[in-house]
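Raw coords_13.cif, mmCIF, C-alpha atoms:
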data_start
#
loop_
_atom_site.label_atom_id
_atom_site.label_comp_id
_atom_site.auth_asym_id
_atom_site.auth_seq_id
_atom_site.Cartn_x
_atom_site.Cartn_y
_atom_site.Cartn_z
CA MET M 102 -30.64 5.45 36.70
CA ASN M 103 -33.05 8.34 36.60
CA ASP M 104 -36.38 8.47 34.76
CA GLN M 105 -34.96 10.42 31.81
CA HIS M 106 -32.34 7.75 31.13
CA HIS M 107 -34.93 4.98 31.50
CA ASP M 108 -37.24 6.79 29.07
CA GLU M 109 -34.36 7.22 26.56
CA ARG M 110 -33.57 3.53 26.75
CA THR M 111 -37.19 2.53 26.24
CA ARG M 112 -37.60 4.84 23.22
CA THR M 113 -34.32 3.61 21.74
CA ARG M 114 -35.38 -0.04 21.97
CA GLU M 115 -38.73 0.75 20.30
CA VAL M 116 -36.97 2.66 17.54
CA MET M 117 -34.54 -0.25 17.00
CA ASN M 118 -37.49 -2.48 16.16
CA ARG M 119 -38.99 0.13 13.80
CA LEU M 120 -35.73 0.71 11.94
CA LEU M 121 -35.01 -2.99 11.58
CA THR M 122 -38.49 -3.59 10.13
CA GLY M 123 -38.03 -0.68 7.72
CA GLN M 124 -40.57 1.73 9.23
CA PRO M 125 -38.73 4.97 10.04
CA THR M 126 -40.78 8.04 10.96
CA THR M 127 -38.36 10.95 11.39
CA SER M 128 -35.04 9.77 9.91
CA ASN M 129 -33.90 8.54 6.53
CA GLY M 130 -34.16 4.93 7.73
CA SER M 131 -30.47 4.08 7.44
CA LEU M 132 -29.23 1.52 9.91
CA THR M 133 -26.83 3.83 11.73
CA VAL M 134 -26.53 5.29 15.21
CA VAL M 135 -27.33 8.73 13.76
CA ALA M 136 -30.67 7.51 12.42
CA LEU M 137 -31.36 5.61 15.65
CA ALA M 138 -30.69 8.71 17.74
CA ALA M 139 -32.82 10.92 15.47
CA GLU M 140 -35.74 8.48 15.57
CA ALA M 141 -35.55 8.12 19.37
CA SER M 142 -35.11 11.89 19.90
CA VAL M 143 -31.93 11.17 21.84
CA HIS M 144 -28.70 13.09 21.39
CA ARG M 145 -26.26 11.02 19.37
CA MET M 146 -23.47 11.38 21.94
CA ALA M 147 -25.81 10.21 24.70
CA LEU M 148 -26.37 7.08 22.68
CA MET M 149 -22.64 6.67 22.07
CA LYS M 150 -21.53 7.34 25.67
CA ARG M 151 -24.34 6.83 28.13
CA HIS M 152 -26.13 4.03 26.28
CA ALA M 153 -23.19 2.33 24.56
CA ASP M 154 -24.72 -1.07 25.29
CA LEU M 155 -27.79 -0.12 23.23
CA LYS M 156 -25.58 1.05 20.38
CA ASN M 157 -23.71 -2.28 20.41
CA GLU M 158 -26.99 -4.19 20.64
CA PHE M 159 -28.34 -2.25 17.64
CA TYR M 160 -25.30 -3.04 15.49
CA GLU M 161 -25.43 -6.68 16.55
CA ARG M 162 -29.10 -6.89 15.58
CA VAL M 163 -28.37 -5.19 12.26
CA ARG M 164 -25.75 -7.84 11.58
CA THR M 165 -27.90 -10.82 12.58
CA GLU M 166 -31.41 -9.80 11.47
CA THR M 167 -30.61 -8.11 8.18
CA GLY M 168 -27.36 -9.81 7.24
CA GLN M 169 -25.90 -6.39 6.50
CA VAL M 170 -22.65 -4.95 7.71
CA PRO M 171 -23.25 -1.70 9.65
CA GLU M 172 -22.17 1.50 7.90
CA PRO M 173 -19.37 2.39 10.36
CA GLU M 174 -17.90 -1.07 9.95
CA LYS M 175 -18.05 -0.73 6.14
CA ARG M 176 -16.26 2.62 6.32
CA LEU M 177 -13.62 1.19 8.64
CA ARG M 178 -13.03 -1.77 6.35
CA GLU M 179 -12.63 0.56 3.36
CA THR M 180 -10.21 2.72 5.32
CA VAL M 181 -8.21 -0.33 6.39
CA ALA M 182 -8.02 -1.53 2.77
CA LYS M 183 -6.81 1.91 1.61
CA LEU M 184 -4.21 2.05 4.39
CA LYS M 185 -2.93 -1.45 3.56
CA LYS M 186 -2.54 -0.42 -0.08
CA THR M 187 -0.72 2.76 0.99
CA ILE M 188 1.61 0.78 3.24
CA ALA M 189 2.39 -1.68 0.44
CA ASN M 190 3.18 1.19 -1.94
CA GLN M 191 5.39 2.90 0.63
CA ASN M 192 7.23 -0.34 1.39
CA ALA M 193 7.91 -0.85 -2.33
CA GLU M 194 9.14 2.73 -2.65
CA LEU M 195 11.33 2.34 0.44
CA LYS M 196 12.88 -0.84 -0.97
CA GLU M 197 13.57 0.93 -4.27
CA LEU M 198 15.16 3.90 -2.49
CA ARG M 199 17.36 1.63 -0.38
CA GLU M 200 18.60 -0.12 -3.52
CA LEU M 201 19.27 3.26 -5.11
CA VAL M 202 21.27 4.37 -2.06
CA THR M 203 23.37 1.22 -2.28
CA ARG M 204 24.08 1.73 -5.98
CA LEU M 205 24.93 5.42 -5.48
CA THR M 206 27.21 4.61 -2.55
CA LEU M 207 29.11 2.08 -4.64
CA ALA M 208 29.38 4.51 -7.56
CA SER M 209 30.66 7.21 -5.22
CA ALA M 210 33.27 4.87 -3.78
CA VAL M 211 34.50 3.94 -7.26
CA LEU M 212 34.70 7.58 -8.34
CA THR M 213 36.51 8.56 -5.14
CA GLN M 214 39.03 5.77 -5.61
CA MET M 215 39.59 6.78 -9.22
CA GLN M 216 40.36 10.36 -8.15
CA GLU M 217 42.75 9.32 -5.38
CA THR M 218 44.64 6.67 -7.36
CA PRO M 219 47.16 7.55 -10.09
CA ALA M 220 46.08 6.61 -13.61
CA GLU M 221 48.93 4.12 -14.11
CA ARG M 222 47.50 1.87 -11.41
CA PHE M 223 44.58 1.24 -13.72
CA ARG M 224 46.66 0.09 -16.67
CA PRO M 225 45.48 -3.13 -18.28
CA LEU M 226 47.12 -6.31 -17.10
CA THR M 227 49.29 -8.04 -19.67
CA THR M 228 51.09 -11.34 -19.76
CA SER M 229 54.42 -9.90 -20.91
CA SER M 230 56.29 -10.72 -17.73
CA ARG M 231 58.79 -13.51 -17.54
CA SER M 232 56.53 -15.74 -15.47
CA GLY M 233 53.59 -15.28 -17.82
CA HIS M 234 51.26 -14.41 -14.97
CA PRO M 235 49.54 -11.03 -15.32
CA LEU M 236 49.93 -10.21 -11.64
CA ALA M 237 53.67 -10.90 -11.66
CA GLU M 238 54.44 -7.56 -13.27
CA PRO M 239 55.90 -5.05 -10.88
CA ARG M 240 53.68 -2.17 -9.96
CA PRO M 241 54.93 1.36 -10.27
CA ALA M 242 56.39 2.74 -7.11
CA GLU M 243 53.99 4.57 -4.80
CA PRO M 244 54.68 8.27 -4.48
CA PRO M 245 56.07 9.15 -1.06
CA ALA M 246 53.46 10.11 1.44
CA PHE M 247 53.73 13.70 2.53
CA ARG M 248 53.16 14.30 6.14
CA THR M 249 52.01 17.66 7.22
CA ARG M 250 52.66 18.77 10.71
CA ARG M 251 49.58 19.83 12.49
CA ARG M 252 49.89 23.15 14.05
CA THR M 253 48.59 23.27 17.53
CA ALA M 254 48.62 26.04 20.03
CA GLY M 255 51.44 24.31 21.91
CA ALA M 256 53.63 23.97 18.80
CA ALA M 257 53.09 27.62 17.89
CA LEU M 258 54.19 28.73 21.35
CA ALA M 259 57.26 26.46 21.28
CA ARG M 260 58.49 28.04 18.04
CA ARG M 261 58.46 31.56 19.48
#

Write out the structure in this file as structure tokens.
Amino acid sequence: MNDQHHDERTRTREVMNRLLTGQPTTSNGSLTVVALAAEASVHRMALMKRHADLKNEFYERVRTETGQVPEPEKRLRETVAKLKKTIANQNAELKELRELVTRLTLASAVLTQMQETPAERFRPLTTSSRSGHPLAEPRPAEPPAFRTRRRTAGAALARR
């Protein structure tokens, strides 16, 4: 470690004590890494990357000595709460949409069947048959199925 880094570390530790006792000189006095870096005249990224242990030590001391939650942790907790609420809302919407898809699929199937089936198949069941059972009545005969011959290239050539 060179002298510059050692000097930065020493200044940062002194500034930690000043900030925690509420005696800032060049910053707004907030208990954040930004204020710590400004007070110690150290670039914020140097504190975040090169002296990460000091940053962690500062936040730990903020937690223990002041009983406060550090600002970044507060912001993260707020963000997590918002995201959880968003996820819950999206899950509810997804459930609602899935139910809607199921209902629409069933309605489509009923409508399709009604179009494909002759109207007399939907006549009301009566008990006028000899057996007295509504299902004992004969159903109307199914119309003959028409088969269409698929024309293929081979069939077209064979007809010529």

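The shell of residues at most 9 Å from stretch 126-134 of chain M, with only C-alpha atoms counted and near chain neighbours (fewer than 2 positions) removed, consists of Arg119, Leu120, Leu121, Gly123, Gln124, Ala136, Leu137, Ala138, Ala139, Glu140, Ala141, Arg145, Leu148, Met149, Lys156, Phe159, Tyr160, Val163, Pro171, Glu172 and Pro173 of chain M.
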
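Taking atom CA of M:Arg112 and atom CA of M:Ser142 as endpoints, the distance between them is 8.2 Å.
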
Which value, in Å to one decimal, gives the distance between atom CA of M:Arg151 and atom CA of M:Glu115?
17.5 Å

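The gap separating atom CA of M:Glu109 from atom CA of M:Val143 is 6.6 Å, in Å to one decimal.
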
Work out where the centre of an axis-aligned box around every listed atom of stretch 109-125 of chain M lies and how long its edges are once 5 Å is added on each side; give both in Å to one decimal as lines of an AutoDock Vina configuration file.
center_x = -37.1
center_y = 1.8
center_z = 17.2
size_x = 17.0
size_y = 20.8
size_z = 29.0

Translate the PyMOL selection byres ((chain M and resi 106) around 12) into a concrete residue list for this structure, as a PDB file with C-alpha atoms, in the coordinates of the input.
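Printed below is part.pdb as written:
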ATOM      1  CA  MET M 102     -30.640   5.450  36.700  1.00  0.00           C
ATOM      2  CA  ASN M 103     -33.050   8.340  36.600  1.00  0.00           C
ATOM      3  CA  ASP M 104     -36.380   8.470  34.760  1.00  0.00           C
ATOM      4  CA  GLN M 105     -34.960  10.420  31.810  1.00  0.00           C
ATOM      5  CA  HIS M 107     -34.930   4.980  31.500  1.00  0.00           C
ATOM      6  CA  ASP M 108     -37.240   6.790  29.070  1.00  0.00           C
ATOM      7  CA  GLU M 109     -34.360   7.220  26.560  1.00  0.00           C
ATOM      8  CA  ARG M 110     -33.570   3.530  26.750  1.00  0.00           C
ATOM      9  CA  THR M 111     -37.190   2.530  26.240  1.00  0.00           C
ATOM     10  CA  ARG M 112     -37.600   4.840  23.220  1.00  0.00           C
ATOM     11  CA  THR M 113     -34.320   3.610  21.740  1.00  0.00           C
ATOM     12  CA  VAL M 143     -31.930  11.170  21.840  1.00  0.00           C
ATOM     13  CA  HIS M 144     -28.700  13.090  21.390  1.00  0.00           C
ATOM     14  CA  ALA M 147     -25.810  10.210  24.700  1.00  0.00           C
ATOM     15  CA  LEU M 148     -26.370   7.080  22.680  1.00  0.00           C
ATOM     16  CA  ARG M 151     -24.340   6.830  28.130  1.00  0.00           C
ATOM     17  CA  HIS M 152     -26.130   4.030  26.280  1.00  0.00           C
TER      18      HIS M 152
END

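Comparing M:Arg178, M:Arg114, M:Lys196, M:Lys185 by their smallest distance to M:Asn157, the closest is M:Arg114 (using all atoms listed in the file).
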
Kindly write stretch 125-145 of chain M with N, CA, C and O atoms to a file, as a JSON list (two decimals), in the first residue's frame.
[["chain", "number", "residue", "atom", "x", "y", "z"],
["M", 125, "PRO", "N", -19.65, 17.58, 11.28],
["M", 125, "PRO", "CA", -19.13, 17.66, 9.91],
["M", 125, "PRO", "C", -18.52, 19.04, 9.66],
["M", 125, "PRO", "O", -18.91, 20.03, 10.29],
["M", 126, "THR", "N", -17.54, 19.09, 8.75],
["M", 126, "THR", "CA", -16.92, 20.37, 8.42],
["M", 126, "THR", "C", -17.19, 20.79, 6.97],
["M", 126, "THR", "O", -17.41, 21.96, 6.72],
["M", 127, "THR", "N", -17.16, 19.84, 6.04],
["M", 127, "THR", "CA", -17.32, 20.22, 4.63],
["M", 127, "THR", "C", -18.53, 19.57, 3.95],
["M", 127, "THR", "O", -18.83, 19.91, 2.82],
["M", 128, "SER", "N", -19.21, 18.67, 4.62],
["M", 128, "SER", "CA", -20.38, 18.01, 4.00],
["M", 128, "SER", "C", -21.64, 18.40, 4.76],
["M", 128, "SER", "O", -21.59, 19.16, 5.73],
["M", 129, "ASN", "N", -22.74, 17.83, 4.32],
["M", 129, "ASN", "CA", -24.02, 18.13, 4.98],
["M", 129, "ASN", "C", -24.21, 17.33, 6.27],
["M", 129, "ASN", "O", -25.19, 17.50, 6.96],
["M", 130, "GLY", "N", -23.29, 16.42, 6.58],
["M", 130, "GLY", "CA", -23.35, 15.66, 7.82],
["M", 130, "GLY", "C", -24.19, 14.41, 7.76],
["M", 130, "GLY", "O", -24.36, 13.73, 8.77],
["M", 131, "SER", "N", -24.73, 14.07, 6.58],
["M", 131, "SER", "CA", -25.51, 12.84, 6.49],
["M", 131, "SER", "C", -24.59, 11.64, 6.64],
["M", 131, "SER", "O", -23.40, 11.70, 6.33],
["M", 132, "LEU", "N", -25.14, 10.58, 7.13],
["M", 132, "LEU", "CA", -24.34, 9.37, 7.40],
["M", 132, "LEU", "C", -24.33, 8.47, 6.17],
["M", 132, "LEU", "O", -24.84, 7.36, 6.17],
["M", 133, "THR", "N", -23.71, 8.97, 5.11],
["M", 133, "THR", "CA", -23.62, 8.24, 3.85],
["M", 133, "THR", "C", -22.17, 8.21, 3.38],
["M", 133, "THR", "O", -21.34, 8.98, 3.86],
["M", 134, "VAL", "N", -21.90, 7.34, 2.42],
["M", 134, "VAL", "CA", -20.56, 7.24, 1.85],
["M", 134, "VAL", "C", -20.21, 8.53, 1.12],
["M", 134, "VAL", "O", -19.06, 8.97, 1.12],
["M", 135, "VAL", "N", -21.19, 9.18, 0.52],
["M", 135, "VAL", "CA", -20.95, 10.43, -0.20],
["M", 135, "VAL", "C", -20.43, 11.49, 0.76],
["M", 135, "VAL", "O", -19.43, 12.18, 0.48],
["M", 136, "ALA", "N", -21.09, 11.62, 1.91],
["M", 136, "ALA", "CA", -20.65, 12.60, 2.90],
["M", 136, "ALA", "C", -19.28, 12.21, 3.47],
["M", 136, "ALA", "O", -18.42, 13.08, 3.68],
["M", 137, "LEU", "N", -19.07, 10.93, 3.70],
["M", 137, "LEU", "CA", -17.78, 10.45, 4.22],
["M", 137, "LEU", "C", -16.67, 10.78, 3.23],
["M", 137, "LEU", "O", -15.61, 11.29, 3.63],
["M", 138, "ALA", "N", -16.90, 10.53, 1.97],
["M", 138, "ALA", "CA", -15.89, 10.81, 0.95],
["M", 138, "ALA", "C", -15.64, 12.31, 0.83],
["M", 138, "ALA", "O", -14.48, 12.75, 0.73],
["M", 139, "ALA", "N", -16.67, 13.11, 0.89],
["M", 139, "ALA", "CA", -16.50, 14.57, 0.79],
["M", 139, "ALA", "C", -15.72, 15.11, 1.98],
["M", 139, "ALA", "O", -14.83, 15.95, 1.83],
["M", 140, "GLU", "N", -16.04, 14.62, 3.17],
["M", 140, "GLU", "CA", -15.33, 15.08, 4.37],
["M", 140, "GLU", "C", -13.86, 14.68, 4.35],
["M", 140, "GLU", "O", -13.01, 15.44, 4.78],
["M", 141, "ALA", "N", -13.58, 13.46, 3.84],
["M", 141, "ALA", "CA", -12.20, 12.96, 3.85],
["M", 141, "ALA", "C", -11.42, 13.42, 2.62],
["M", 141, "ALA", "O", -10.24, 13.07, 2.49],
["M", 142, "SER", "N", -12.06, 14.15, 1.71],
["M", 142, "SER", "CA", -11.43, 14.58, 0.45],
["M", 142, "SER", "C", -10.90, 13.38, -0.33],
["M", 142, "SER", "O", -9.78, 13.39, -0.85],
["M", 143, "VAL", "N", -11.72, 12.35, -0.38],
["M", 143, "VAL", "CA", -11.40, 11.13, -1.11],
["M", 143, "VAL", "C", -12.49, 10.95, -2.16],
["M", 143, "VAL", "O", -13.67, 11.23, -1.90],
["M", 144, "HIS", "N", -12.10, 10.53, -3.34],
["M", 144, "HIS", "CA", -13.10, 10.28, -4.38],
["M", 144, "HIS", "C", -14.03, 9.17, -3.91],
["M", 144, "HIS", "O", -13.60, 8.18, -3.32],
["M", 145, "ARG", "N", -15.31, 9.36, -4.16],
["M", 145, "ARG", "CA", -16.31, 8.40, -3.70],
["M", 145, "ARG", "C", -16.05, 6.99, -4.22],
["M", 145, "ARG", "O", -16.18, 6.01, -3.49]]
